[in-house]
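Structure data follow from start.txt (compact mmCIF, N, CA and C atoms):
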# COMPACT_ATOMS: atom_id res chain seq x y z
N MET F 40 127.35 74.25 101.08
CA MET F 40 128.76 74.34 101.44
C MET F 40 129.12 73.28 102.47
N LYS F 41 130.24 72.62 102.27
CA LYS F 41 130.69 71.66 103.26
C LYS F 41 131.54 72.36 104.31
N PRO F 42 131.56 71.87 105.54
CA PRO F 42 132.35 72.52 106.60
C PRO F 42 133.84 72.38 106.34
N LYS F 43 134.60 73.38 106.79
CA LYS F 43 136.05 73.36 106.62
C LYS F 43 136.67 72.31 107.54
N THR F 44 137.64 71.59 107.02
CA THR F 44 138.37 70.65 107.85
C THR F 44 139.64 71.35 108.35
N ILE F 45 139.85 71.27 109.64
CA ILE F 45 141.03 71.90 110.23
C ILE F 45 142.18 70.91 110.16
N LYS F 46 143.28 71.33 109.54
CA LYS F 46 144.42 70.44 109.35
C LYS F 46 145.31 70.44 110.59
N VAL F 47 145.71 69.25 111.01
CA VAL F 47 146.64 69.06 112.12
C VAL F 47 147.80 68.22 111.60
N LEU F 48 149.03 68.71 111.76
CA LEU F 48 150.22 68.01 111.31
C LEU F 48 151.14 67.73 112.49
N GLU F 49 151.98 66.72 112.33
CA GLU F 49 152.93 66.36 113.37
C GLU F 49 154.33 66.42 112.79
N GLY F 50 155.25 67.05 113.52
CA GLY F 50 156.61 67.16 113.02
C GLY F 50 157.61 67.43 114.13
N ILE F 51 158.84 67.69 113.74
CA ILE F 51 159.94 67.91 114.67
C ILE F 51 160.43 69.35 114.52
N VAL F 52 160.68 70.00 115.65
CA VAL F 52 161.15 71.38 115.65
C VAL F 52 162.60 71.41 115.16
N VAL F 53 162.84 72.26 114.15
CA VAL F 53 164.16 72.39 113.55
C VAL F 53 164.87 73.63 114.08
N SER F 54 164.09 74.70 114.35
CA SER F 54 164.67 75.95 114.83
C SER F 54 163.73 76.62 115.81
N ASP F 55 164.31 77.19 116.90
CA ASP F 55 163.52 77.94 117.87
C ASP F 55 164.19 79.27 118.20
N LYS F 56 164.96 79.80 117.26
CA LYS F 56 165.75 81.00 117.51
C LYS F 56 164.92 82.29 117.52
N MET F 57 163.74 82.25 116.90
CA MET F 57 162.89 83.44 116.87
C MET F 57 162.02 83.49 118.12
N ASP F 58 161.52 84.68 118.45
CA ASP F 58 160.66 84.83 119.61
C ASP F 58 159.24 84.42 119.25
N LYS F 59 158.68 83.48 120.00
CA LYS F 59 157.32 82.98 119.82
C LYS F 59 157.08 82.33 118.46
N THR F 60 158.14 81.87 117.81
CA THR F 60 158.02 81.21 116.51
C THR F 60 158.96 80.02 116.47
N VAL F 61 158.47 78.91 115.93
CA VAL F 61 159.32 77.73 115.71
C VAL F 61 159.17 77.29 114.27
N VAL F 62 160.21 76.63 113.77
CA VAL F 62 160.17 76.06 112.43
C VAL F 62 160.02 74.56 112.61
N VAL F 63 158.96 73.99 112.02
CA VAL F 63 158.64 72.58 112.19
C VAL F 63 158.81 71.86 110.86
N LYS F 64 159.56 70.75 110.87
CA LYS F 64 159.77 69.94 109.68
C LYS F 64 158.81 68.76 109.72
N VAL F 65 157.92 68.70 108.72
CA VAL F 65 156.92 67.63 108.64
C VAL F 65 157.34 66.67 107.53
N ILE F 66 157.48 65.40 107.88
CA ILE F 66 157.92 64.38 106.92
C ILE F 66 156.72 63.51 106.54
N ARG F 67 156.58 63.25 105.24
CA ARG F 67 155.55 62.33 104.77
C ARG F 67 156.19 61.34 103.82
N LYS F 68 155.62 60.14 103.79
CA LYS F 68 156.16 59.09 102.93
C LYS F 68 155.25 58.90 101.73
N VAL F 69 155.86 58.93 100.54
CA VAL F 69 155.12 58.82 99.28
C VAL F 69 155.72 57.69 98.47
N ARG F 70 154.88 56.91 97.84
CA ARG F 70 155.37 55.83 97.00
C ARG F 70 155.77 56.41 95.64
N HIS F 71 156.98 56.06 95.19
CA HIS F 71 157.48 56.53 93.90
C HIS F 71 156.62 55.94 92.79
N PRO F 72 156.21 56.77 91.81
CA PRO F 72 155.29 56.28 90.79
C PRO F 72 155.84 55.16 89.91
N LYS F 73 157.13 55.21 89.62
CA LYS F 73 157.70 54.20 88.73
C LYS F 73 158.31 53.03 89.51
N TYR F 74 159.09 53.34 90.55
CA TYR F 74 159.85 52.30 91.22
C TYR F 74 159.15 51.74 92.46
N THR F 75 158.04 52.30 92.84
CA THR F 75 157.19 51.87 93.96
C THR F 75 157.93 51.77 95.30
N LYS F 76 159.04 52.46 95.42
CA LYS F 76 159.75 52.51 96.69
C LYS F 76 159.22 53.70 97.50
N LEU F 77 159.16 53.55 98.83
CA LEU F 77 158.72 54.65 99.67
C LEU F 77 159.81 55.71 99.74
N VAL F 78 159.44 56.95 99.47
CA VAL F 78 160.37 58.06 99.47
C VAL F 78 159.88 59.07 100.50
N GLU F 79 160.81 59.60 101.31
CA GLU F 79 160.44 60.61 102.29
C GLU F 79 160.49 61.99 101.66
N LYS F 80 159.38 62.71 101.76
CA LYS F 80 159.34 64.10 101.33
C LYS F 80 159.08 64.92 102.58
N TRP F 81 159.65 66.11 102.65
CA TRP F 81 159.46 66.94 103.83
C TRP F 81 159.24 68.39 103.45
N LYS F 82 158.62 69.11 104.37
CA LYS F 82 158.33 70.52 104.19
C LYS F 82 158.46 71.21 105.54
N LYS F 83 158.91 72.47 105.53
CA LYS F 83 159.06 73.23 106.77
C LYS F 83 157.91 74.22 106.91
N TYR F 84 157.37 74.31 108.11
CA TYR F 84 156.28 75.23 108.42
C TYR F 84 156.71 76.14 109.56
N TYR F 85 156.35 77.43 109.47
CA TYR F 85 156.57 78.37 110.55
C TYR F 85 155.33 78.35 111.42
N ALA F 86 155.50 78.10 112.72
CA ALA F 86 154.37 77.97 113.62
C ALA F 86 154.52 78.92 114.81
N HIS F 87 153.39 79.43 115.29
CA HIS F 87 153.37 80.34 116.43
C HIS F 87 153.39 79.54 117.72
N ASP F 88 154.38 79.81 118.57
CA ASP F 88 154.51 79.15 119.86
C ASP F 88 154.48 80.22 120.93
N ASP F 89 153.29 80.47 121.49
CA ASP F 89 153.09 81.60 122.39
C ASP F 89 153.92 81.49 123.67
N SER F 90 154.09 80.27 124.18
CA SER F 90 154.77 80.10 125.46
C SER F 90 156.26 79.78 125.32
N ASN F 91 156.77 79.68 124.12
CA ASN F 91 158.18 79.35 123.86
C ASN F 91 158.59 78.03 124.52
N LYS F 92 157.68 77.04 124.55
CA LYS F 92 157.97 75.75 125.18
C LYS F 92 158.77 74.83 124.26
N ALA F 93 158.46 74.86 122.96
CA ALA F 93 159.07 73.92 122.02
C ALA F 93 160.55 74.24 121.80
N LYS F 94 161.38 73.24 121.93
CA LYS F 94 162.82 73.38 121.72
C LYS F 94 163.23 72.50 120.54
N VAL F 95 164.43 72.70 120.03
CA VAL F 95 164.93 71.95 118.88
C VAL F 95 164.95 70.46 119.20
N GLY F 96 164.37 69.66 118.30
CA GLY F 96 164.36 68.22 118.46
C GLY F 96 163.09 67.67 119.09
N THR F 97 162.23 68.53 119.65
CA THR F 97 161.00 68.03 120.26
C THR F 97 159.94 67.79 119.20
N LYS F 98 159.07 66.82 119.46
CA LYS F 98 157.98 66.50 118.54
C LYS F 98 156.77 67.36 118.92
N VAL F 99 156.15 68.01 117.92
CA VAL F 99 155.01 68.89 118.17
C VAL F 99 153.88 68.60 117.19
N LYS F 100 152.68 68.99 117.60
CA LYS F 100 151.53 68.97 116.70
C LYS F 100 151.19 70.42 116.41
N ILE F 101 150.96 70.72 115.11
CA ILE F 101 150.60 72.08 114.71
C ILE F 101 149.23 72.07 114.05
N ILE F 102 148.52 73.18 114.21
CA ILE F 102 147.17 73.29 113.67
C ILE F 102 147.12 74.53 112.78
N GLN F 103 146.37 74.42 111.70
CA GLN F 103 146.26 75.52 110.74
C GLN F 103 145.45 76.65 111.36
N SER F 104 145.85 77.90 111.10
CA SER F 104 145.14 79.06 111.64
C SER F 104 145.12 80.18 110.61
N ARG F 105 144.60 81.29 111.04
CA ARG F 105 144.58 82.46 110.16
C ARG F 105 146.01 82.98 109.98
N PRO F 106 146.28 83.79 108.96
CA PRO F 106 147.63 84.33 108.79
C PRO F 106 148.03 85.20 109.97
N LEU F 107 149.15 84.86 110.60
CA LEU F 107 149.63 85.59 111.77
C LEU F 107 150.75 86.57 111.40
N SER F 108 151.47 86.27 110.32
CA SER F 108 152.52 87.16 109.81
C SER F 108 152.75 86.79 108.36
N LYS F 109 153.85 87.25 107.80
CA LYS F 109 154.13 86.98 106.39
C LYS F 109 154.24 85.48 106.11
N LEU F 110 154.87 84.74 107.02
CA LEU F 110 155.10 83.31 106.80
C LEU F 110 154.29 82.40 107.72
N LYS F 111 153.85 82.90 108.87
CA LYS F 111 153.20 82.03 109.87
C LYS F 111 151.72 81.83 109.55
N ARG F 112 151.34 80.56 109.35
CA ARG F 112 149.94 80.19 109.12
C ARG F 112 149.52 79.04 110.03
N TRP F 113 150.38 78.69 111.00
CA TRP F 113 150.15 77.53 111.88
C TRP F 113 150.40 77.93 113.32
N LYS F 114 149.76 77.20 114.26
CA LYS F 114 149.97 77.40 115.69
C LYS F 114 150.37 76.06 116.31
N VAL F 115 151.21 76.11 117.34
CA VAL F 115 151.60 74.89 118.04
C VAL F 115 150.44 74.47 118.92
N LEU F 116 149.95 73.26 118.69
CA LEU F 116 148.81 72.73 119.43
C LEU F 116 149.26 71.99 120.68
N GLU F 117 150.33 71.21 120.54
CA GLU F 117 150.76 70.35 121.65
C GLU F 117 152.25 70.04 121.50
N VAL F 118 152.97 70.14 122.63
CA VAL F 118 154.39 69.77 122.65
C VAL F 118 154.48 68.41 123.31
N GLN F 119 155.09 67.44 122.64
CA GLN F 119 155.16 66.07 123.19
C GLN F 119 156.50 65.78 123.79

Take the structure in the file and give it back as structure tokens.
Amino acid sequence: MKPKTIKVLEGIVVSDKMDKTVVVKVIRKVRHPKYTKLVEKWKKYYAHDDSNKAKVGTKVKIIQSRPLSKLKRWKVLEVQ
């Protein structure tokens, strides 16, 4: 068995209205298969923020963790 790799993503906080939870938008750039132009794709992740430090618009790093609730599978690692 190979060791598990822990995923770390970087994104921008979109919502902080919940208690100890933030919604983080992670943007990645993908080359279009036919036109070869760079296209931005994005996905939103629910992350656990224990100290409620992250506010809307701040850049954060999130790390994958065990399931914390129905939607939360990530924790805020660092607020920049």

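Among the candidates F:Arg67, F:Asp88, F:Ile101, F:Leu110, the one nearest to Val47 (chain F) when counting only C-alpha atoms is F:Ile101.
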
Members of chain F assigned strand (DSSP E) by DSSP, as an NGL selection string: :F and (47-54 or 60-70 or 77-87 or 98-103 or 113-118)

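When CA of Tyr84 (chain F) is paired with CA of Gly96 (chain F), their separation reads 14.7 Å.
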
Distance in Å - atom N of Leu116 (chain F) versus atom C of Val69 (chain F): 26.2 Å

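Candidate residues F:Lys114, F:His87, F:Pro106, F:Thr97 were compared for distance to Met57 (chain F), and the nearest is F:His87, using only C-alpha atoms.
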
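Straight-line separation from atom N of Trp81 (chain F) to atom C of Pro42 (chain F): 26.8 Å.
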
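The protein and nucleic acid residues lying at most 9 Å from Thr60 (chain F) are F:Ser54, F:Asp55, F:Tyr85, F:Ala86, F:His87, F:Asp88, F:Asp89, F:Asn91, F:Lys111, F:Lys114, with only C-alpha atoms considered and sequence neighbours fewer than 5 positions away removed.
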
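Using all atoms listed in the file, the protein and nucleic acid residues lying no more than 8 Å from Ile45 (chain F), apart from those fewer than 5 places from it along its own chain, are F:Ile102, F:Gln103, F:Ser104.
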
Just write the chosen residues, N, CA and C atoms, as a short mmCIF file (atom, residue, chain, number, x, y, z; two decimals), in the frame of the given file.
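Writing done, so here's out.cif:
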data_model
loop_
_atom_site.label_atom_id
_atom_site.label_comp_id
_atom_site.auth_asym_id
_atom_site.auth_seq_id
_atom_site.Cartn_x
_atom_site.Cartn_y
_atom_site.Cartn_z
N ILE F 102 148.52 73.18 114.21
CA ILE F 102 147.17 73.29 113.67
C ILE F 102 147.12 74.53 112.78
N GLN F 103 146.37 74.42 111.70
CA GLN F 103 146.26 75.52 110.74
C GLN F 103 145.45 76.65 111.36
N SER F 104 145.85 77.90 111.10
CA SER F 104 145.14 79.06 111.64
C SER F 104 145.12 80.18 110.61
#

Grab all the atoms of region 42-58 of chain F that the file lists, wrap them in a box along x, y and z, add 4 Å per side, and give me centre plus edge lengths in Å (one decimal) as AutoDock Vina command-line options.
--center_x 148.7 --center_y 75.6 --center_z 112.6 --size_x 42.2 --size_y 26.5 --size_z 22.1

Exercise: Val53 (chain F) partners within 7 Å, only C-alpha atoms, chain neighbours under 5 positions left out, as a ChimeraX atom specification: /F:62-64,95-96

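Using only C-alpha atoms, the smallest distance between any of F:Arg105, F:Arg112, F:Lys68, F:Lys59 and Lys83 (chain F) comes from F:Arg112.
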